Structure formats: C-alpha cells, structure tokens
Amino acid sequence: MQYREQPYPGDVTFSWTRHESDGRVLLEASGQCPVCGCAMSHTFTHGQSAIPKGGGFLGRREDPGSGVWQTRCRCDSYHFPRPAEATDGCGAWLRLADPPAAITTPDGGS
Ligand SMILES: [Zn+2]
Ligand SMILES: [Zn+2]
C-alpha cells in the first residue's frame, strides 16, 4: 500500500465515542481506513466552548460544520513515499457517515 493523496468515494462508517473535556465535547471516530486497511481514529471538536462569549478565550472550534465529517487517514503505519508535511496515514481523505444523534446532541445520553 503506497501513500497516495486521494479522496475516498462514498461514506465510511466508523464507530463514534463522545468525550467531554473542559466543557467541550469531543467526538472520536474510530474504525478501519477503507483504503489501506489500517485501524485509525480521529477526534473532532464539536459544539461551543462552555466559556461565555466575551470571556477572552476565542473558540478553538474545529467543527467542520454543516454535518460534514471529514478526515485524512490517520493510521500509524508508514506508507511510502510519504511527503514530509504528512505525519501519518496513507493520504486518503475519508468522508465519515454521520454520528448517531445521541452522540452529537448536547446532554444526550447523560
Ligand atoms: Zn489509510
Ligand atoms: Zn494505513
């Protein structure tokens, strides 16, 4: 399996886990990259910071917005030839199927 930057056609179904850290919700998607077959995971930051607006802490949201969950392959394998700016993965861009509502809804499941 060689490193190759390419979008993967179609949605990829990963399993989702919800974490909360400092009032922020982190959504971790983990599964198997359909291109190289390695296990990988990626954490998305979802929702608003619990720190009030104007509190001097500009949000570090990485919410991809509009329901698009996209990540580069993040597997730990070394796929050759990998460009210097890439730190992990096989180069595939994956569009993940939406997480279940219980994962994304604030206070869901608690
Ligand atoms: Zn991969
Ligand atoms: Zn891989």
# chains A, B, ... in the order shown; residues from 1 in each chain; ligands from 1
$ residues_near_ligand --ligand "ligand 2" --cutoff "12 Å" --atoms "only C-alpha atoms and all ligand atoms" --output "PyMOL selection string"
chain A and resi 1-4+31-41+72-80+82+87-92
$ residues_around --residues "A:Val12" --least-positions-apart "2" --cutoff "7 Å" --atoms "only C-alpha atoms" --output "number ranges by chain"
A: 10, 14, 94-97
$ atom_distance --atom1 "atom CA of A:Gln6" --atom2 "atom CA of A:Ala101"
29.0 Å
$ residues_around --residues "A:His19" --least-positions-apart "5" --cutoff "10 Å" --atoms "only C-alpha atoms" --output "number ranges by chain"
A: 24-28, 43, 45, 103
$ write_last_selection --atoms "C-alpha atoms" --output "short mmCIF file (atom, residue, chain, number, x, y, z; two decimals), in the first residue's frame"
data_model
loop_
_atom_site.label_atom_id
_atom_site.label_comp_id
_atom_site.auth_asym_id
_atom_site.auth_seq_id
_atom_site.Cartn_x
_atom_site.Cartn_y
_atom_site.Cartn_z
CA ARG A 24 -16.08 20.96 25.25
CA VAL A 25 -17.42 17.94 23.51
CA LEU A 26 -15.00 15.79 21.64
CA LEU A 27 -16.27 13.24 19.22
CA GLU A 28 -13.91 10.45 18.46
CA THR A 43 -11.18 13.36 17.22
CA THR A 45 -14.29 19.11 18.45
CA ILE A 103 -23.52 11.32 20.16
#
$ closest_residue --among "A:Trp16, A:Phe44, A:Tyr8, A:Trp69" --to "ligand 1" --atoms "only C-alpha atoms and all ligand atoms"
A:Tyr8
$ closest_residue --among "A:Thr71, A:Pro100, A:Ser15, A:Asp22" --to "ligand 1" --atoms "only C-alpha atoms and all ligand atoms"
A:Thr71
$ select_by_dssp --residues "stretch 7-52 of chain A" --states "strand (DSSP E)" --output "count of residues only"
30
$ atom_distance --atom1 "atom CA of A:Ala84" --atom2 "atom CA of A:Pro7"
19.4 Å
$ closest_residue --among "A:Val68, A:Ala102, A:Gly23, A:Trp93" --to "ligand 1" --atoms "only C-alpha atoms and all ligand atoms"
A:Trp93
